[in-house]
Amino acid sequence: MSERTGWERGLSVTADGKRLVGHAGAVLLRKLADRVGLTRGLAGVLPWSRANGWRERAGVLVQLAVAIVLGARSLLEAEHLQLHHQGLFGPAVSDSTMRRVLAGLDEQTLHKIAKVRRRVRRHVWTLLRLRPGGFPFLTVAGRTLTGWIVVDLDATVITSASKKEGAAATFKRTFGFHPLAGWCANTGESLAMELRAGNAGANTVEDHLRVLTACLDQIPHSSQAKLLIRVDGAGATHGLLDHLEALNITRRTVRYTVGWKITDEDEAAIATLPASAWQTSLTQEGELQAGYEIAELTGANTREDWPEGMRGPGRRRSQPAGAGSPTSQLSPDGPTPPRRVPGRRGPTAPRARGTRRTRGVTRRPALHRQRT
């Protein structure tokens with residue numbers, strides 16, 4: 001590690017109320033990046049110089065990441081945060097310097113950075129396994145998914161106040177961007193992200209395949225034996241599901257769960273289900289969730305063109321969402337399934353607000369049924 005990243009030398013902790021630094025959590029973030037080797041790894045793939053006034057690119061990127069975590073929304077705000085912390089981290093980096101650093105990240109450099117991230121992540125996950133609690137595996141409906149790495153693919157809308165490059169009108173009638181990201185639910189890490197224009201489509205197969213490939217590339221090979229991929233309704237495409245099926249090999253089991261926009265055929269199938277078919281759903285912790293029910297729709301509405309073995313559980317509220325709910329827009333059988341696949345994001349279920357709803361289409365994890 002170079003001398004410029006030795007900012008913590010002489011660092012001490014005091015409780016006397018003098019010379020305090022705001023956002024003290026930034027210290028832990030920066031120390032983590034340095035201790036696990038991220039800063040050193042970035043320094044090995046980014047440009048460097050011995051010229052006077054040269055700011056080490058690795059430190060600039062790490063400090064920019066810390067500023068974003070602290071709430072910076074622009075390079076100017078990132079500079080202001082660094083000015084506030086320059087007594088701790090050293091001289092602040094100007095917004096123009098940060099802009100030049102980002103502009104110099106071409107495809108080749110980004111590929112090298114991805115390799116550094118993958119190497120550091122393998123080291124960190126090894127440390128997690130060695131800790132007393134072991135690696136953090138998810139618990140769904142009261143059952144721990146031991147050995148499963150869970151990857152969530154989801155897009156979000158980021159608004160823009162000006163006509164920045166790539167900014168466009170979004171499907172939510174705002175103006176900005178529509179990036180697609182992949183996250184490891186076990187650790188909360190961002191594995192990959194693709195910045196897209198605001199008018200990027202939701203069901204774009206190519207975008208999902210690129211982000212998914214980048215996510216899997218970031219997961220250590222020793223942790224890829226059992227993968228669970230979770231996607232919202234944007235993942236209900238033949239291209240993505242066929243790709244997920246093809247990921248199953250001898251040494252790797254891949255299961256998935258995707259959202260589904262309900263059709264008239266689905267509504268008709270729901271109406272035929274007897275009351276005994278509906279059972280009270282469970283929370284993320286495995287407790288009964290009053291007011292929400294689940295039923296198996298598989299076979300009630302035939303879909304021969306989707307992958308074999310696909311299941312279709314539906315979920316609904318057992319009563320309207322509230323006093324002001326438009327009950328006249330609910331399905332003929334009363335409550336309608338919500339816009340979330342079961343267990344997609346914990347125990348909270350959305351409200352039913354119309355006739356077109358989303359049901360879950362699930363590829364059952366291997367812990368319930370072994371693939372034949």
# chains A, B, ... in the order shown; residues from 1 in each chain; ligands from 1
$ closest_atom_pairs --of "stretch 63-182 of chain A" --to "stretch 201-205 of chain A" --cutoff "9 Å" --atoms "only C-alpha atoms" --output "tab-separated table"
residue	atom	partner	partner_atom	distance
A:Ala155	CA	A:Ala202	CA	7.8
A:Phe171	CA	A:Gly201	CA	8.7
A:His178	CA	A:Gly201	CA	8.6
$ write_last_selection --atoms "N, CA, C and O atoms" --output "PDB file, in the first residue's frame"
ATOM      1  N   ALA A 155     -34.774  -3.346 -11.095  1.00  0.00           N
ATOM      2  CA  ALA A 155     -34.501  -2.033 -11.663  1.00  0.00           C
ATOM      3  C   ALA A 155     -35.135  -0.966 -10.786  1.00  0.00           C
ATOM      4  O   ALA A 155     -36.072  -1.250 -10.021  1.00  0.00           O
ATOM      5  N   PHE A 171     -41.146   5.398 -17.147  1.00  0.00           N
ATOM      6  CA  PHE A 171     -42.496   4.845 -17.153  1.00  0.00           C
ATOM      7  C   PHE A 171     -43.304   5.323 -15.960  1.00  0.00           C
ATOM      8  O   PHE A 171     -44.532   5.179 -15.941  1.00  0.00           O
ATOM      9  N   HIS A 178     -33.032   4.657 -15.506  1.00  0.00           N
ATOM     10  CA  HIS A 178     -33.714   3.418 -15.135  1.00  0.00           C
ATOM     11  C   HIS A 178     -32.676   2.294 -15.039  1.00  0.00           C
ATOM     12  O   HIS A 178     -32.691   1.347 -15.830  1.00  0.00           O
TER      13      HIS A 178
END
$ residues_around --residues "stretch 213-216 of chain A" --least-positions-apart "5" --cutoff "8 Å" --atoms "only C-alpha atoms" --output "ChimeraX atom specification"
/A:151,182-183,191-192
$ write_last_selection --atoms "N, CA and C atoms" --output "compact mmCIF listing (two decimals), in the first residue's frame"
# COMPACT_ATOMS: atom_id res chain seq x y z
N VAL A 151 -29.54 -14.17 -5.30
CA VAL A 151 -29.26 -12.98 -6.10
C VAL A 151 -30.57 -12.34 -6.50
N GLY A 182 -28.02 -5.93 -9.71
CA GLY A 182 -28.07 -7.25 -9.10
C GLY A 182 -27.43 -7.21 -7.73
N TRP A 183 -28.10 -7.78 -6.73
CA TRP A 183 -27.63 -7.72 -5.35
C TRP A 183 -27.55 -9.12 -4.76
N LEU A 191 -23.64 -6.56 -6.59
CA LEU A 191 -22.75 -7.37 -7.42
C LEU A 191 -22.49 -6.71 -8.77
N ALA A 192 -23.52 -6.16 -9.37
CA ALA A 192 -23.37 -5.54 -10.69
C ALA A 192 -24.49 -4.54 -10.89
$ atom_distance --atom1 "atom CA of A:Ala181" --atom2 "atom CA of A:Asp95"
25.7 Å
$ residues_around --residues "stretch 83-85 of chain A" --least-positions-apart "3" --cutoff "10 Å" --atoms "only C-alpha atoms" --output "number ranges by chain"
A: 21-24, 26-27, 77-80, 88-94
$ residues_around --residues "A:Thr156" --least-positions-apart "5" --cutoff "12 Å" --atoms "only C-alpha atoms" --output "PDB file with N, CA and C atoms, in the first residue's frame"
ATOM      1  N   THR A 170     -39.365   8.523 -17.836  1.00  0.00           N
ATOM      2  CA  THR A 170     -39.482   7.159 -17.323  1.00  0.00           C
ATOM      3  C   THR A 170     -40.935   6.697 -17.349  1.00  0.00           C
ATOM      4  N   PHE A 171     -41.146   5.398 -17.147  1.00  0.00           N
ATOM      5  CA  PHE A 171     -42.496   4.845 -17.153  1.00  0.00           C
ATOM      6  C   PHE A 171     -43.304   5.323 -15.960  1.00  0.00           C
ATOM      7  N   LYS A 172     -42.636   5.889 -14.955  1.00  0.00           N
ATOM      8  CA  LYS A 172     -43.332   6.424 -13.795  1.00  0.00           C
ATOM      9  C   LYS A 172     -43.643   7.911 -13.948  1.00  0.00           C
ATOM     10  N   THR A 174     -41.666  10.319 -14.592  1.00  0.00           N
ATOM     11  CA  THR A 174     -40.631  11.205 -14.076  1.00  0.00           C
ATOM     12  C   THR A 174     -39.552  11.345 -15.149  1.00  0.00           C
ATOM     13  N   GLY A 176     -35.329  10.917 -15.775  1.00  0.00           N
ATOM     14  CA  GLY A 176     -34.058  10.495 -15.194  1.00  0.00           C
ATOM     15  C   GLY A 176     -33.549   9.215 -15.808  1.00  0.00           C
ATOM     16  N   PHE A 177     -33.182   8.261 -14.961  1.00  0.00           N
ATOM     17  CA  PHE A 177     -32.541   7.027 -15.404  1.00  0.00           C
ATOM     18  C   PHE A 177     -33.320   5.813 -14.894  1.00  0.00           C
ATOM     19  N   HIS A 178     -33.032   4.657 -15.506  1.00  0.00           N
ATOM     20  CA  HIS A 178     -33.714   3.418 -15.135  1.00  0.00           C
ATOM     21  C   HIS A 178     -32.676   2.294 -15.039  1.00  0.00           C
ATOM     22  N   PRO A 179     -31.735   2.386 -14.084  1.00  0.00           N
ATOM     23  CA  PRO A 179     -30.673   1.374 -13.985  1.00  0.00           C
ATOM     24  C   PRO A 179     -31.204   0.025 -13.525  1.00  0.00           C
ATOM     25  N   LEU A 180     -30.495  -1.019 -13.927  1.00  0.00           N
ATOM     26  CA  LEU A 180     -30.809  -2.388 -13.525  1.00  0.00           C
ATOM     27  C   LEU A 180     -29.645  -2.909 -12.705  1.00  0.00           C
ATOM     28  N   ALA A 181     -29.927  -3.478 -11.534  1.00  0.00           N
ATOM     29  CA  ALA A 181     -28.866  -3.893 -10.616  1.00  0.00           C
ATOM     30  C   ALA A 181     -29.099  -5.312 -10.132  1.00  0.00           C
ATOM     31  N   GLY A 182     -28.019  -5.932  -9.709  1.00  0.00           N
ATOM     32  CA  GLY A 182     -28.071  -7.254  -9.103  1.00  0.00           C
ATOM     33  C   GLY A 182     -27.427  -7.208  -7.734  1.00  0.00           C
ATOM     34  N   MET A 193     -24.223  -3.561 -11.744  1.00  0.00           N
ATOM     35  CA  MET A 193     -25.232  -2.551 -12.033  1.00  0.00           C
ATOM     36  C   MET A 193     -24.990  -1.994 -13.427  1.00  0.00           C
ATOM     37  N   GLU A 194     -26.078  -1.779 -14.154  1.00  0.00           N
ATOM     38  CA  GLU A 194     -25.984  -1.210 -15.494  1.00  0.00           C
ATOM     39  C   GLU A 194     -26.827   0.046 -15.545  1.00  0.00           C
ATOM     40  N   LEU A 195     -26.162   1.173 -15.825  1.00  0.00           N
ATOM     41  CA  LEU A 195     -26.877   2.440 -15.930  1.00  0.00           C
ATOM     42  C   LEU A 195     -27.596   2.485 -17.273  1.00  0.00           C
ATOM     43  N   ARG A 196     -28.905   2.678 -17.219  1.00  0.00           N
ATOM     44  CA  ARG A 196     -29.700   2.714 -18.439  1.00  0.00           C
ATOM     45  C   ARG A 196     -30.460   4.027 -18.531  1.00  0.00           C
ATOM     46  N   ALA A 197     -30.845   4.362 -19.745  1.00  0.00           N
ATOM     47  CA  ALA A 197     -31.635   5.571 -19.957  1.00  0.00           C
ATOM     48  C   ALA A 197     -32.981   5.435 -19.262  1.00  0.00           C
ATOM     49  N   GLY A 198     -33.607   6.555 -18.976  1.00  0.00           N
ATOM     50  CA  GLY A 198     -34.869   6.534 -18.266  1.00  0.00           C
ATOM     51  C   GLY A 198     -35.975   5.809 -18.996  1.00  0.00           C
ATOM     52  N   ASN A 199     -35.900   5.764 -20.334  1.00  0.00           N
ATOM     53  CA  ASN A 199     -36.941   5.090 -21.100  1.00  0.00           C
ATOM     54  C   ASN A 199     -36.587   3.645 -21.433  1.00  0.00           C
ATOM     55  N   ALA A 200     -35.597   3.059 -20.734  1.00  0.00           N
ATOM     56  CA  ALA A 200     -35.243   1.660 -20.957  1.00  0.00           C
ATOM     57  C   ALA A 200     -36.418   0.768 -20.597  1.00  0.00           C
ATOM     58  N   GLY A 201     -36.634  -0.288 -21.393  1.00  0.00           N
ATOM     59  CA  GLY A 201     -37.760  -1.177 -21.170  1.00  0.00           C
ATOM     60  C   GLY A 201     -37.595  -2.020 -19.916  1.00  0.00           C
ATOM     61  N   ALA A 202     -38.714  -2.455 -19.347  1.00  0.00           N
ATOM     62  CA  ALA A 202     -38.678  -3.261 -18.130  1.00  0.00           C
ATOM     63  C   ALA A 202     -38.343  -4.717 -18.436  1.00  0.00           C
ATOM     64  N   ASP A 232     -38.399  -9.605 -10.333  1.00  0.00           N
ATOM     65  CA  ASP A 232     -39.798  -9.195 -10.296  1.00  0.00           C
ATOM     66  C   ASP A 232     -40.454  -9.512 -11.640  1.00  0.00           C
ATOM     67  N   ALA A 234     -40.498  -8.154 -14.383  1.00  0.00           N
ATOM     68  CA  ALA A 234     -39.693  -7.913 -15.576  1.00  0.00           C
ATOM     69  C   ALA A 234     -38.922  -9.154 -16.001  1.00  0.00           C
TER      70      ALA A 234
END
$ residues_around --residues "A:Leu81" --least-positions-apart "6" --cutoff "9 Å" --atoms "only C-alpha atoms" --output "list of chain:residue names"
A:Ala67, A:Leu70, A:Ala72, A:Ala92
$ residues_around --residues "A:Thr97" --least-positions-apart "5" --cutoff "10 Å" --atoms "only C-alpha atoms" --output "number ranges by chain"
A: 54-55, 57, 60, 75, 79, 102-103
$ write_last_selection --atoms "C-alpha atoms" --output "PDB file, in the first residue's frame"
ATOM      1  CA  TRP A  54      -1.041  13.759  -8.585  1.00  0.00           C
ATOM      2  CA  ARG A  55      -3.904  12.223  -6.658  1.00  0.00           C
ATOM      3  CA  ARG A  57      -6.819   7.172  -8.443  1.00  0.00           C
ATOM      4  CA  VAL A  60     -10.172   8.930  -5.222  1.00  0.00           C
ATOM      5  CA  LEU A  75     -19.397  15.243  -7.514  1.00  0.00           C
ATOM      6  CA  GLU A  79     -16.086  17.312  -2.702  1.00  0.00           C
ATOM      7  CA  LEU A 102     -14.382   8.644 -13.946  1.00  0.00           C
ATOM      8  CA  ALA A 103     -13.914   9.742 -17.547  1.00  0.00           C
TER       9      ALA A 103
END
$ atom_distance --atom1 "atom CA of A:Ala141" --atom2 "atom CA of A:Ile249"
27.5 Å
$ residues_around --residues "stretch 105-115 of chain A" --least-positions-apart "6" --cutoff "10 Å" --atoms "only C-alpha atoms" --output "list in words"
Leu38, Gly41, Leu42, Ala43, Gly44, Val45, Leu46, Pro47, Arg121, Leu191, Ala192, Ala214, Asp217 and Gln218 of chain A
$ closest_residue --among "A:Arg129, A:Arg30, A:His221, A:Arg117" --to "A:Val69" --atoms "only C-alpha atoms"
A:Arg30
$ closest_residue --among "A:Arg118, A:Thr139, A:Val124, A:Asn248" --to "A:Arg35" --atoms "only C-alpha atoms"
A:Val124
$ atom_distance --atom1 "atom CA of A:Leu153" --atom2 "atom CA of A:Gln224"
16.7 Å
$ closest_residue --among "A:Glu285, A:Glu267, A:Glu206, A:Asp154" --to "A:Leu297" --atoms "only C-alpha atoms"
A:Glu267
$ select_by_dssp --residues "stretch 135-262 of chain A" --states "strand (DSSP E)" --output "count of residues only"
41
$ closest_residue --among "A:Ile294, A:Ala268, A:Leu240, A:Leu130" --to "A:Trp306" --atoms "only C-alpha atoms"
A:Leu240
